[in-house]
file final_17.txt (compact mmCIF, C-alpha atoms and all ligand atoms)
# COMPACT_ATOMS: atom_id res chain seq x y z
CA MET A 14 0.00 0.00 0.00
CA SER A 15 1.39 3.42 -0.83
CA SER A 16 1.17 6.71 1.03
CA GLN A 17 -1.97 7.30 -0.98
CA ALA A 18 -3.76 5.10 1.53
CA SER A 19 -3.65 7.58 4.36
CA VAL A 20 -4.35 10.51 2.05
CA ASP A 21 -7.26 8.69 0.45
CA LEU A 22 -8.78 7.96 3.79
CA LYS A 23 -9.25 11.55 4.77
CA ILE A 24 -11.36 12.10 1.68
CA HIS A 25 -12.81 8.68 1.92
CA HIS A 26 -14.44 8.86 5.32
CA PRO A 27 -15.46 12.46 5.93
CA GLN A 28 -18.45 11.59 8.10
CA ASN A 29 -18.16 7.92 8.71
CA PHE A 30 -20.48 7.35 5.74
CA ARG A 31 -23.33 9.30 7.35
CA PHE A 32 -24.35 10.98 4.09
CA ASN A 33 -28.00 11.74 3.32
CA SER A 34 -27.31 11.48 -0.38
CA ILE A 35 -24.45 9.97 -2.36
CA PRO A 36 -21.53 12.37 -2.89
CA ASP A 37 -20.13 12.46 -6.42
CA SER A 38 -16.90 10.89 -5.15
CA HIS A 39 -18.82 7.71 -4.29
CA ASP A 40 -21.36 7.71 -7.12
CA TRP A 41 -20.67 4.94 -9.62
CA SER A 42 -23.94 5.19 -11.55
CA ASP A 43 -22.44 6.88 -14.65
CA LEU A 44 -19.56 4.52 -15.14
CA TYR A 45 -20.69 1.26 -13.78
CA ASP A 46 -23.31 -0.97 -15.22
CA HIS A 47 -25.10 -2.26 -12.16
CA PRO A 48 -26.89 -5.26 -13.61
CA SER A 49 -29.01 -6.77 -10.93
CA ALA A 50 -28.07 -10.23 -9.85
CA GLN A 51 -30.09 -13.34 -10.47
CA PRO A 52 -32.40 -14.38 -7.67
CA ILE A 53 -31.09 -17.42 -5.86
CA GLY A 54 -32.51 -20.39 -7.74
CA LEU A 55 -31.45 -23.59 -9.37
CA ASP A 56 -28.20 -22.03 -10.49
CA SER A 57 -26.97 -21.62 -6.97
CA VAL A 58 -23.53 -21.58 -5.34
CA PRO A 59 -22.78 -25.13 -4.10
CA VAL A 60 -22.92 -25.86 -0.37
CA ILE A 61 -20.48 -28.59 0.67
CA ASP A 62 -20.63 -30.53 3.92
CA LEU A 63 -17.06 -31.32 4.97
CA ASN A 64 -18.33 -34.69 6.30
CA ASP A 65 -19.79 -35.67 2.92
CA PRO A 66 -18.68 -39.16 1.78
CA ASN A 67 -18.18 -37.77 -1.75
CA LEU A 68 -16.25 -34.78 -0.48
CA ILE A 69 -13.30 -34.91 -2.91
CA TYR A 70 -15.51 -35.23 -5.94
CA LYS A 71 -17.75 -32.36 -4.78
CA ILE A 72 -14.78 -30.12 -4.07
CA ARG A 73 -13.30 -30.74 -7.50
CA LYS A 74 -16.58 -30.04 -9.23
CA ALA A 75 -17.26 -26.84 -7.27
CA CYS A 76 -13.71 -25.54 -7.82
CA ALA A 77 -13.79 -26.26 -11.54
CA GLU A 78 -17.33 -25.10 -12.29
CA TRP A 79 -17.87 -22.28 -9.82
CA GLY A 80 -14.63 -21.25 -8.12
CA VAL A 81 -16.73 -20.57 -5.04
CA PHE A 82 -18.67 -22.70 -2.57
CA LEU A 83 -19.97 -22.64 0.99
CA ILE A 84 -18.71 -25.08 3.60
CA ARG A 85 -20.69 -26.46 6.49
CA ASN A 86 -19.51 -28.73 9.30
CA HIS A 87 -16.16 -26.95 9.19
CA GLY A 88 -15.54 -27.49 12.89
CA ILE A 89 -15.27 -23.84 13.99
CA GLU A 90 -17.57 -23.13 16.94
CA PRO A 91 -20.46 -20.70 16.33
CA GLU A 92 -19.68 -19.25 19.74
CA LEU A 93 -16.18 -18.16 18.60
CA LEU A 94 -17.65 -16.71 15.42
CA ASN A 95 -20.18 -14.69 17.46
CA ARG A 96 -17.40 -13.22 19.58
CA PHE A 97 -15.32 -12.55 16.46
CA GLY A 98 -18.30 -10.80 14.84
CA SER A 99 -18.85 -8.63 17.93
CA GLN A 100 -15.23 -7.47 17.92
CA ILE A 101 -15.41 -6.58 14.21
CA HIS A 102 -18.54 -4.58 14.98
CA ARG A 103 -16.88 -2.88 17.94
CA LEU A 104 -13.90 -1.90 15.78
CA PHE A 105 -15.86 -0.24 12.98
CA ALA A 106 -18.24 1.43 15.45
CA LEU A 107 -15.35 3.57 16.75
CA PRO A 108 -15.35 7.25 15.72
CA VAL A 109 -13.49 7.84 12.46
CA GLU A 110 -10.87 10.04 14.18
CA VAL A 111 -9.97 7.11 16.43
CA LYS A 112 -9.74 4.63 13.55
CA LEU A 113 -7.52 7.04 11.62
CA LYS A 114 -4.95 6.78 14.43
CA VAL A 115 -4.16 3.30 13.10
CA ALA A 116 -4.46 4.16 9.41
CA LYS A 117 -2.24 2.22 7.01
CA THR A 118 0.76 4.28 6.07
CA GLU A 119 3.44 4.02 3.46
CA GLY A 120 5.24 0.71 3.55
CA THR A 121 2.82 -1.00 5.92
CA ASP A 122 0.19 -3.48 4.96
CA SER A 123 -1.74 -3.52 8.21
CA GLY A 124 -4.18 -1.10 9.79
CA TYR A 125 -7.29 0.87 8.92
CA GLY A 126 -7.98 1.93 5.34
CA GLY A 127 -9.06 0.99 1.88
CA VAL A 128 -7.93 -1.91 -0.26
CA PRO A 129 -5.08 -1.94 -2.80
CA ILE A 130 -7.46 -2.37 -5.76
CA SER A 131 -9.20 0.92 -4.93
CA GLN A 132 -6.32 2.64 -6.74
CA LEU A 133 -7.52 1.09 -10.00
CA PHE A 134 -10.93 2.77 -9.87
CA PRO A 135 -11.89 6.43 -10.27
CA LYS A 136 -14.54 6.38 -7.50
CA PHE A 137 -14.46 5.49 -3.83
CA MET A 138 -16.00 2.28 -2.67
CA TRP A 139 -18.62 2.20 0.10
CA TYR A 140 -16.15 0.41 2.25
CA GLU A 141 -13.74 0.58 5.15
CA GLY A 142 -11.26 -2.10 6.11
CA PHE A 143 -8.79 -3.14 8.75
CA ALA A 144 -5.88 -5.37 7.73
CA ILE A 145 -4.24 -7.73 10.19
CA THR A 146 -0.95 -9.28 9.20
CA THR A 147 1.51 -9.88 12.03
CA ALA A 148 1.61 -9.05 15.71
CA SER A 149 0.96 -5.42 14.77
CA SER A 150 -2.73 -5.82 15.51
CA VAL A 151 -1.81 -5.78 19.22
CA ASP A 152 -0.15 -2.37 18.81
CA HIS A 153 -3.16 -1.15 16.91
CA ALA A 154 -5.62 -2.50 19.46
CA GLN A 155 -3.71 -0.73 22.25
CA ILE A 156 -4.15 2.55 20.43
CA LEU A 157 -7.82 1.93 19.68
CA TRP A 158 -8.82 0.76 23.17
CA PRO A 159 -6.10 1.73 25.67
CA ASP A 160 -8.19 0.36 28.55
CA ASP A 161 -9.44 -2.82 26.99
CA TYR A 162 -7.50 -4.06 24.02
CA SER A 163 -7.06 -7.65 25.14
CA SER A 164 -10.60 -8.80 24.33
CA PHE A 165 -10.00 -7.87 20.68
CA CYS A 166 -6.53 -9.44 20.53
CA GLU A 167 -7.63 -12.65 22.22
CA VAL A 168 -10.48 -13.24 19.81
CA ILE A 169 -8.28 -12.48 16.80
CA GLU A 170 -5.70 -14.99 18.05
CA GLU A 171 -8.37 -17.60 18.65
CA TYR A 172 -9.79 -17.01 15.21
CA LYS A 173 -6.36 -17.36 13.58
CA LYS A 174 -5.75 -20.62 15.47
CA ALA A 175 -8.99 -21.99 14.05
CA ILE A 176 -8.91 -20.60 10.51
CA ILE A 177 -5.30 -21.44 9.59
CA PRO A 178 -5.78 -25.23 9.94
CA LEU A 179 -9.02 -24.90 7.99
CA GLY A 180 -7.03 -23.23 5.19
CA TYR A 181 -4.59 -26.15 5.17
CA ARG A 182 -7.39 -28.66 5.20
CA LEU A 183 -9.11 -27.08 2.22
CA MET A 184 -5.84 -26.82 0.33
CA HIS A 185 -5.15 -30.49 1.04
CA LEU A 186 -8.60 -31.50 -0.19
CA MET A 187 -8.18 -29.45 -3.35
CA LEU A 188 -4.80 -31.00 -4.13
CA LEU A 189 -6.23 -34.49 -3.52
CA SER A 190 -9.08 -33.64 -5.86
CA LEU A 191 -6.54 -32.69 -8.54
CA GLY A 192 -5.14 -36.20 -8.23
CA LEU A 193 -2.03 -35.64 -6.12
CA THR A 194 -0.98 -38.37 -3.69
CA GLU A 195 -0.49 -37.69 0.04
CA GLU A 196 3.25 -37.81 -0.51
CA GLU A 197 3.14 -35.34 -3.36
CA ILE A 198 1.06 -33.02 -1.21
CA ASP A 199 3.55 -33.31 1.67
CA ASN A 200 6.33 -32.29 -0.69
CA SER A 201 4.37 -29.46 -2.20
CA LEU A 202 4.92 -25.79 -1.50
CA ILE A 203 2.27 -25.65 1.19
CA GLY A 204 4.41 -27.81 3.48
CA ASP A 205 6.07 -25.29 5.79
CA SER A 206 3.40 -23.48 7.74
CA THR A 207 5.87 -21.15 9.46
CA LYS A 208 6.62 -19.43 6.17
CA ILE A 209 3.05 -18.79 5.16
CA LYS A 210 2.13 -15.14 5.27
CA ASN A 211 -1.21 -14.84 7.01
CA ALA A 212 -3.44 -11.96 6.19
CA ILE A 213 -6.88 -11.33 7.61
CA HIS A 214 -8.89 -8.41 6.32
CA LEU A 215 -11.85 -7.14 8.33
CA ASN A 216 -14.39 -5.41 6.09
CA SER A 217 -17.29 -3.08 6.79
CA TYR A 218 -19.89 -1.93 4.27
CA PRO A 219 -22.06 0.64 6.03
CA ALA A 220 -25.78 0.84 5.21
CA CYS A 221 -26.32 3.25 2.33
CA PRO A 222 -29.30 5.52 1.49
CA ASP A 223 -29.03 4.71 -2.24
CA PRO A 224 -27.28 1.34 -2.62
CA ASP A 225 -27.83 1.07 -6.39
CA ARG A 226 -25.46 3.99 -6.99
CA VAL A 227 -22.52 2.72 -4.94
CA VAL A 228 -20.17 -0.25 -4.92
CA GLY A 229 -19.00 -1.96 -1.73
CA LEU A 230 -16.03 -3.74 -3.23
CA ALA A 231 -15.56 -3.54 -7.01
CA PRO A 232 -15.29 -6.75 -9.07
CA HIS A 233 -11.97 -8.55 -8.62
CA THR A 234 -10.31 -11.91 -8.10
CA ASP A 235 -8.13 -12.58 -5.05
CA THR A 236 -4.49 -13.44 -5.77
CA GLY A 237 -3.62 -16.21 -3.24
CA PHE A 238 -4.66 -19.88 -3.21
CA VAL A 239 -7.97 -19.75 -1.35
CA THR A 240 -9.88 -17.12 0.60
CA ILE A 241 -12.11 -18.16 3.50
CA LEU A 242 -14.79 -15.63 4.22
CA TYR A 243 -16.77 -15.08 7.40
CA HIS A 244 -19.66 -12.59 7.33
CA ASN A 245 -22.34 -11.30 9.65
CA GLY A 246 -25.32 -12.73 7.73
CA VAL A 247 -26.10 -9.61 5.70
CA SER A 248 -26.33 -10.51 2.02
CA GLY A 249 -24.15 -8.63 -0.49
CA LEU A 250 -21.49 -10.90 -1.95
CA GLN A 251 -22.00 -11.71 -5.63
CA VAL A 252 -20.01 -13.90 -7.99
CA LEU A 253 -19.72 -13.66 -11.75
CA ARG A 254 -20.91 -16.84 -13.41
CA ARG A 255 -19.35 -17.53 -16.77
CA LYS A 256 -21.47 -17.97 -19.87
CA ASP A 257 -22.71 -21.57 -20.06
CA ASP A 258 -25.62 -23.75 -21.22
CA ILE A 259 -27.97 -22.09 -18.73
CA GLY A 260 -27.35 -18.57 -19.98
CA PRO A 261 -24.99 -15.65 -20.62
CA ALA A 262 -22.46 -14.36 -18.09
CA ARG A 263 -24.36 -13.18 -15.00
CA TRP A 264 -23.97 -12.09 -11.39
CA VAL A 265 -25.21 -14.59 -8.83
CA THR A 266 -25.85 -13.64 -5.20
CA VAL A 267 -24.08 -15.87 -2.70
CA PRO A 268 -26.78 -17.14 -0.34
CA VAL A 269 -26.56 -16.50 3.38
CA VAL A 270 -26.52 -19.90 5.10
CA PRO A 271 -26.03 -20.00 8.89
CA ASN A 272 -22.81 -21.61 10.15
CA THR A 273 -21.04 -21.66 6.81
CA PHE A 274 -17.98 -19.96 5.38
CA VAL A 275 -17.63 -18.84 1.78
CA VAL A 276 -14.55 -20.26 0.03
CA ASN A 277 -13.14 -18.51 -3.05
CA ILE A 278 -10.65 -19.97 -5.49
CA CYS A 279 -7.97 -17.36 -6.15
CA ASP A 280 -5.49 -16.68 -8.98
CA LEU A 281 -2.58 -18.78 -7.75
CA MET A 282 -4.84 -21.81 -7.29
CA HIS A 283 -5.98 -21.34 -10.88
CA VAL A 284 -2.30 -21.27 -11.93
CA LEU A 285 -1.36 -24.25 -9.72
CA SER A 286 -4.20 -26.33 -11.20
CA ASN A 287 -3.11 -25.27 -14.70
CA GLY A 288 -6.43 -23.62 -15.34
CA THR A 289 -8.64 -26.45 -14.05
CA PHE A 290 -9.91 -24.47 -11.06
CA HIS A 291 -11.75 -21.24 -11.72
CA ASN A 292 -10.57 -18.06 -9.99
CA VAL A 293 -13.93 -16.48 -9.39
CA VAL A 294 -14.65 -12.79 -10.04
CA HIS A 295 -16.64 -11.42 -7.11
CA ARG A 296 -17.92 -8.11 -5.76
CA SER A 297 -19.70 -6.79 -2.69
CA MET A 298 -22.93 -4.87 -2.88
CA VAL A 299 -24.33 -2.70 -0.12
CA SER A 300 -27.60 -2.80 1.83
CA LYS A 301 -29.99 0.09 2.41
CA THR A 302 -30.72 -0.94 5.98
CA ASN A 303 -27.92 -3.09 7.39
CA GLN A 304 -24.22 -2.75 7.84
CA ARG A 305 -22.45 -5.73 6.30
CA LEU A 306 -19.36 -6.99 8.11
CA SER A 307 -17.01 -9.65 6.82
CA ALA A 308 -13.55 -11.08 7.40
CA ALA A 309 -11.42 -12.55 4.64
CA TYR A 310 -8.61 -14.93 5.48
CA PHE A 311 -6.20 -15.00 2.53
CA PHE A 312 -4.38 -18.32 2.38
CA GLY A 313 -1.44 -18.14 0.00
CA PRO A 314 1.98 -19.63 -0.66
CA GLN A 315 5.18 -19.00 1.24
CA VAL A 316 6.38 -15.52 0.37
CA ASP A 317 9.55 -16.55 -1.46
CA VAL A 318 8.11 -19.45 -3.46
CA LYS A 319 7.41 -19.26 -7.18
CA VAL A 320 4.07 -20.86 -8.00
CA GLY A 321 3.51 -22.41 -11.39
CA PRO A 322 1.34 -25.23 -12.68
CA LEU A 323 1.91 -28.42 -10.62
CA SER A 324 4.42 -30.67 -12.36
CA GLU A 325 2.24 -33.66 -11.39
CA LEU A 326 -0.43 -32.34 -13.74
CA MET A 327 1.89 -32.14 -16.75
CA GLY A 328 2.63 -34.96 -19.08
CA PRO A 329 2.21 -36.25 -22.59
CA GLU A 330 -1.51 -36.74 -22.10
CA GLN A 331 -2.30 -33.94 -19.70
CA GLY A 332 -0.69 -31.12 -21.62
CA LEU A 333 1.71 -28.24 -21.23
CA PRO A 334 1.92 -25.62 -18.51
CA LEU A 335 -0.23 -22.60 -19.31
CA TYR A 336 1.53 -20.11 -17.04
CA ARG A 337 5.04 -19.17 -16.03
CA PRO A 338 5.70 -19.31 -12.27
CA VAL A 339 5.42 -16.20 -10.05
CA THR A 340 5.60 -15.43 -6.34
CA TRP A 341 2.52 -14.11 -4.54
CA LEU A 342 4.05 -10.67 -4.26
CA GLU A 343 5.00 -10.58 -7.95
CA LEU A 344 1.43 -11.35 -8.90
CA GLN A 345 0.06 -8.66 -6.56
CA LYS A 346 2.39 -6.14 -8.25
CA LEU A 347 1.39 -7.32 -11.73
CA LYS A 348 -2.26 -6.87 -10.82
CA SER A 349 -1.73 -3.37 -9.50
CA THR A 350 -0.78 -2.27 -13.01
CA LEU A 351 -2.45 -4.79 -15.32
CA HIS A 352 -5.53 -5.57 -13.18
CA ASP A 353 -7.54 -8.37 -14.85
CA LYS A 354 -4.90 -8.76 -17.60
CA ALA A 355 -2.22 -9.86 -15.12
CA LEU A 356 -2.73 -13.60 -15.58
CA GLN A 357 -2.83 -13.15 -19.33
CA SER A 358 0.63 -11.61 -19.13
CA MET A 359 1.91 -14.77 -17.40
CA LYS A 360 0.67 -17.08 -20.13
CA ILE A 361 3.25 -19.23 -21.83
CA ASP A 362 2.98 -19.13 -25.56
CA GLY A 363 2.38 -22.75 -26.49
CA LYS A 364 4.54 -22.56 -29.61
CA ILE A 365 7.55 -21.12 -27.87
CA GLU A 366 7.24 -23.82 -25.24
CA GLU A 367 7.12 -26.58 -27.83
CA LEU A 368 10.19 -25.12 -29.57
CA ARG A 369 12.03 -25.07 -26.25
CA LYS A 370 11.18 -28.69 -25.59
CA GLY A 371 12.25 -29.73 -29.08
CA ALA A 372 15.61 -27.95 -28.79
C1 LIG B 1 -2.77 -10.69 1.28
C2 LIG B 1 -3.37 -9.82 0.48
C3 LIG B 1 -4.47 -10.14 -0.46
C4 LIG B 1 -4.90 -8.78 -0.97
C5 LIG B 1 -3.58 -8.04 -0.99
C6 LIG B 1 -3.03 -8.38 0.39
C7 LIG B 1 -3.83 -7.60 1.44
C8 LIG B 1 -5.21 -7.12 0.91
C9 LIG B 1 -5.91 -8.13 0.02
C10 LIG B 1 -7.02 -7.54 -0.86
C11 LIG B 1 -8.41 -7.43 -0.24
C12 LIG B 1 -9.42 -6.88 -1.26
C13 LIG B 1 -9.26 -7.44 -2.66
C14 LIG B 1 -7.77 -7.50 -3.05
C15 LIG B 1 -7.63 -7.91 -4.51
C16 LIG B 1 -7.11 -6.19 -2.71
O1 LIG B 1 -6.98 -5.21 -3.40
O2 LIG B 1 -6.64 -6.26 -1.41
C17 LIG B 1 -7.06 -8.42 -2.08
C18 LIG B 1 -5.59 -8.71 -2.33
C19 LIG B 1 -5.29 -9.93 -3.17
O3 LIG B 1 -6.00 -10.93 -3.15
O4 LIG B 1 -4.27 -9.83 -3.84
O1 LIG B 2 -16.92 -8.84 1.97
C1 LIG B 2 -16.98 -9.75 1.17
O2 LIG B 2 -17.91 -10.54 1.16
C2 LIG B 2 -15.91 -9.93 0.13
C3 LIG B 2 -14.56 -9.49 0.58
C4 LIG B 2 -13.54 -9.71 -0.47
O3 LIG B 2 -13.83 -10.04 -1.60
C5 LIG B 2 -12.12 -9.53 -0.15
O4 LIG B 2 -11.82 -9.10 0.98
O5 LIG B 2 -11.28 -9.82 -1.01
FE FE B 3 -12.05 -10.71 -2.68
call {"tool": "encode", "arguments": {"input": "final_17.txt", "output": "C-alpha cells", "more": "lines below"}}
Ligand SMILES: C=C1C[C@]23C[C@H]1CC[C@H]2[C@@]12CCC[C@@](C)(C(=O)O1)[C@H]2[C@@H]3C(=O)O
Ligand SMILES: O=C(O)CCC(=O)C(=O)O
Ligand SMILES: [Fe+2]
result
Amino acid sequence: MSSQASVDLKIHHPQNFRFNSIPDSHDWSDLYDHPSAQPIGLDSVPVIDLNDPNLIYKIRKACAEWGVFLIRNHGIEPELLNRFGSQIHRLFALPVEVKLKVAKTEGTDSGYGGVPISQLFPKFMWYEGFAITTASSVDHAQILWPDDYSSFCEVIEEYKKAIIPLGYRLMHLMLLSLGLTEEEIDNSLIGDSTKIKNAIHLNSYPACPDPDRVVGLAPHTDTGFVTILYHNGVSGLQVLRRKDDIGPARWVTVPVVPNTFVVNICDLMHVLSNGTFHNVVHRSMVSKTNQRLSAAYFFGPQVDVKVGPLSELMGPEQGLPLYRPVTWLELQKLKSTLHDKALQSMKIDGKIEELRKGA
C-alpha cells in the first residue's frame, strides 16, 4: 500500500459514511453498469458438507465449475464466530478520528484503510477495512482501546488458530481432488506453515441511502490460493458466473446460510491447477438498511516461493503448462498495473514452449 492510503482515507471517510445522499466521489452510476443479480434459484452456489462421503468429488466439481462454494460442518464453533463478529462490529463502530490513528501508512500493509485495488478505480467504494498481518494488531488495538484491548486481541488470536488449519485442510482436499498423492502433497509448496504469510482483512460496508449507486467492493479476483470468508449474515457478496448452457455471463448472489464460510478460489490456485480451477470474479454490494461486516482470510503460498502449474499435472496426455511461475508478491504487483490482464501476461505461448522442448 502506498502513502496514498492515508491521504485517500481523509477524503474517503469524511463523516463515517453518514451521508443523506451519495456524494459524487462515491457515485458509480455513470460509469458502472449495475446489472441486478439473479435471484437465488437452481443455479446456486454449491454448499459442501465437509463430512460428505463424496467430499473430494464435490470439491473438485465446485472448484472447476464455480470457483466458489460454501462449507458447512467446518468445525469452527459458532460461539467463537459470534465473539469474532462482535469485535469486528466494535472496531468499525469507533469514531473515524480514532480509527484514523491506526491508518495504514506508506510501507505498511496492516491497519485501517481501503484496499489496494481501490487505486484502479476512479470512485471510492462504500467500504472501510482493517488489515491484520503480524503481531501489529496488538499495537493497533492498544491505540484503539487503551483500557481494553485484550478482548480484541484474544479473539483475533483464537480465530487465527482456528482458521489457519481450515485453510490447510481445504488446500489439502483441493490437491487431492486434482489427483495428487499424500506424498506429493507433503512435498508441495504448502508444506512449511511457518513461512506462510497470514493476512486477515476485516471489512465493513455501512448501510447506504441509495445502494444502487454505490459499490461496496468492485469486481476482482483474489491473488492467493484460497480465501475463506466469514460474514455477519447480511447478504451482499456476488459472484460472476461464466457464460454456459444455462445462460450468458451473469452475477449470482451468494446465499446467506447459517454456520457456513464462503470459500473462493484465487489466482494462484488457478495457476497451480493449470487452469482447471476457476478463480472467481466477485464483488460486494451494499444494503440500504444493514451494515455488512465480513472477514477474509487470505491463504497463500510462502512468500519466497514461485508458483507455477503443478508438475504432477503435466505430461504427454495432460498437456503443457499454461503459465510461467510467479511469487505471490510478484502477482500482486502485476495486478496493481495490469488488473484483470495480469494472468494473461503470465501465459506461456504454447509454440515457444514446444520449440524449447524440441531444442
Ligand atoms: C494478502 C493480500 C491479499 C490482498 C492483498 C493483500 C492484502 C489485501 C488483500 C485484498 C483485499 C481486497 C481485494 C484485493 C484484490 C485487494 O486489493 O486487497 C485483495 C488482495 C489480493 O487478493 O491480492
Ligand atoms: O466482503 C466480502 O464478502 C468480500 C470481501 C472480499 O472479496 C475480499 O476481501 O477480497
Ligand atoms: Fe475478494
call {"tool": "residues_near_ligand", "arguments": {"input": "final_17.txt", "ligand": "ligand FE 3 (chain B)", "cutoff": "12 Å", "atoms": "only C-alpha atoms and all ligand atoms", "output": "PDB file with C-alpha atoms, keeping the file's coordinate frame"}}
result
ATOM      1  CA  VAL A  81     -16.730 -20.570  -5.040  1.00  0.00           C
ATOM      2  CA  VAL A 128      -7.930  -1.910  -0.260  1.00  0.00           C
ATOM      3  CA  PRO A 129      -5.080  -1.940  -2.800  1.00  0.00           C
ATOM      4  CA  ILE A 130      -7.460  -2.370  -5.760  1.00  0.00           C
ATOM      5  CA  ILE A 213      -6.880 -11.330   7.610  1.00  0.00           C
ATOM      6  CA  HIS A 214      -8.890  -8.410   6.320  1.00  0.00           C
ATOM      7  CA  LEU A 215     -11.850  -7.140   8.330  1.00  0.00           C
ATOM      8  CA  ASN A 216     -14.390  -5.410   6.090  1.00  0.00           C
ATOM      9  CA  GLY A 229     -19.000  -1.960  -1.730  1.00  0.00           C
ATOM     10  CA  LEU A 230     -16.030  -3.740  -3.230  1.00  0.00           C
ATOM     11  CA  ALA A 231     -15.560  -3.540  -7.010  1.00  0.00           C
ATOM     12  CA  PRO A 232     -15.290  -6.750  -9.070  1.00  0.00           C
ATOM     13  CA  HIS A 233     -11.970  -8.550  -8.620  1.00  0.00           C
ATOM     14  CA  THR A 234     -10.310 -11.910  -8.100  1.00  0.00           C
ATOM     15  CA  ASP A 235      -8.130 -12.580  -5.050  1.00  0.00           C
ATOM     16  CA  THR A 236      -4.490 -13.440  -5.770  1.00  0.00           C
ATOM     17  CA  GLY A 237      -3.620 -16.210  -3.240  1.00  0.00           C
ATOM     18  CA  PHE A 238      -4.660 -19.880  -3.210  1.00  0.00           C
ATOM     19  CA  VAL A 239      -7.970 -19.750  -1.350  1.00  0.00           C
ATOM     20  CA  THR A 240      -9.880 -17.120   0.600  1.00  0.00           C
ATOM     21  CA  ILE A 241     -12.110 -18.160   3.500  1.00  0.00           C
ATOM     22  CA  LEU A 242     -14.790 -15.630   4.220  1.00  0.00           C
ATOM     23  CA  TYR A 243     -16.770 -15.080   7.400  1.00  0.00           C
ATOM     24  CA  LEU A 250     -21.490 -10.900  -1.950  1.00  0.00           C
ATOM     25  CA  GLN A 251     -22.000 -11.710  -5.630  1.00  0.00           C
ATOM     26  CA  VAL A 252     -20.010 -13.900  -7.990  1.00  0.00           C
ATOM     27  CA  VAL A 275     -17.630 -18.840   1.780  1.00  0.00           C
ATOM     28  CA  VAL A 276     -14.550 -20.260   0.030  1.00  0.00           C
ATOM     29  CA  ASN A 277     -13.140 -18.510  -3.050  1.00  0.00           C
ATOM     30  CA  ILE A 278     -10.650 -19.970  -5.490  1.00  0.00           C
ATOM     31  CA  CYS A 279      -7.970 -17.360  -6.150  1.00  0.00           C
ATOM     32  CA  ASP A 280      -5.490 -16.680  -8.980  1.00  0.00           C
ATOM     33  CA  ASN A 292     -10.570 -18.060  -9.990  1.00  0.00           C
ATOM     34  CA  VAL A 293     -13.930 -16.480  -9.390  1.00  0.00           C
ATOM     35  CA  VAL A 294     -14.650 -12.790 -10.040  1.00  0.00           C
ATOM     36  CA  HIS A 295     -16.640 -11.420  -7.110  1.00  0.00           C
ATOM     37  CA  ARG A 296     -17.920  -8.110  -5.760  1.00  0.00           C
ATOM     38  CA  SER A 297     -19.700  -6.790  -2.690  1.00  0.00           C
ATOM     39  CA  SER A 307     -17.010  -9.650   6.820  1.00  0.00           C
ATOM     40  CA  ALA A 308     -13.550 -11.080   7.400  1.00  0.00           C
ATOM     41  CA  ALA A 309     -11.420 -12.550   4.640  1.00  0.00           C
ATOM     42  CA  TYR A 310      -8.610 -14.930   5.480  1.00  0.00           C
ATOM     43  CA  PHE A 311      -6.200 -15.000   2.530  1.00  0.00           C
ATOM     44  CA  PHE A 312      -4.380 -18.320   2.380  1.00  0.00           C
TER      45      PHE A 312
END
call {"tool": "atom_distance", "arguments": {"input": "final_17.txt", "atom1": "atom CA of A:Arg73", "atom2": "atom CA of A:Ser190"}}
result
5.4 Å
call {"tool": "residues_around", "arguments": {"input": "final_17.txt", "residues": "stretch 84-94 of chain A", "least_positions_apart": "5", "cutoff": "9 Å", "atoms": "all atoms listed in the file", "output": "NGL selection string"}}
result
:A and (59-64 or 99 or 168 or 171-172 or 175-176 or 179 or 243 or 270-276)
call {"tool": "closest_residue", "arguments": {"input": "final_17.txt", "among": "A:Gln315, A:Asn287, A:Asn303, A:Ser349", "to": "A:Leu333", "atoms": "all atoms listed in the file"}}
result
A:Asn287
call {"tool": "atom_distance", "arguments": {"input": "final_17.txt", "atom1": "atom CA of A:Leu104", "atom2": "atom CA of A:Phe32"}}
result
20.3 Å
call {"tool": "atom_distance", "arguments": {"input": "final_17.txt", "atom1": "atom CA of A:Asp65", "atom2": "atom CA of A:Lys174"}}
result
24.1 Å
call {"tool": "closest_residue", "arguments": {"input": "final_17.txt", "among": "A:Asp317, A:Glu141, A:Glu343, A:Asp152", "to": "ligand LIG 2 (chain B)", "atoms": "all atoms listed in the file"}}
result
A:Glu141
call {"tool": "residues_near_point", "arguments": {"input": "final_17.txt", "point": "(-22.0, -11.8, -12.6)", "cutoff": "6 Å", "atoms": "only C-alpha atoms", "output": "PDB file with C-alpha atoms, in the frame of the given file"}}
result
ATOM      1  CA  VAL A 252     -20.010 -13.900  -7.990  1.00  0.00           C
ATOM      2  CA  LEU A 253     -19.720 -13.660 -11.750  1.00  0.00           C
ATOM      3  CA  ARG A 254     -20.910 -16.840 -13.410  1.00  0.00           C
ATOM      4  CA  ARG A 263     -24.360 -13.180 -15.000  1.00  0.00           C
ATOM      5  CA  TRP A 264     -23.970 -12.090 -11.390  1.00  0.00           C
ATOM      6  CA  VAL A 265     -25.210 -14.590  -8.830  1.00  0.00           C
TER       7      VAL A 265
END
call {"tool": "closest_residue", "arguments": {"input": "final_17.txt", "among": "A:Ile69, A:Met282, A:Val227, A:Leu107", "to": "A:Leu356", "atoms": "only C-alpha atoms"}}
result
A:Met282
call {"tool": "closest_residue", "arguments": {"input": "final_17.txt", "among": "A:Thr146, A:Ser163, A:Ser300, A:Ser42", "to": "ligand LIG 1 (chain B)", "atoms": "only C-alpha atoms and all ligand atoms"}}
result
A:Thr146
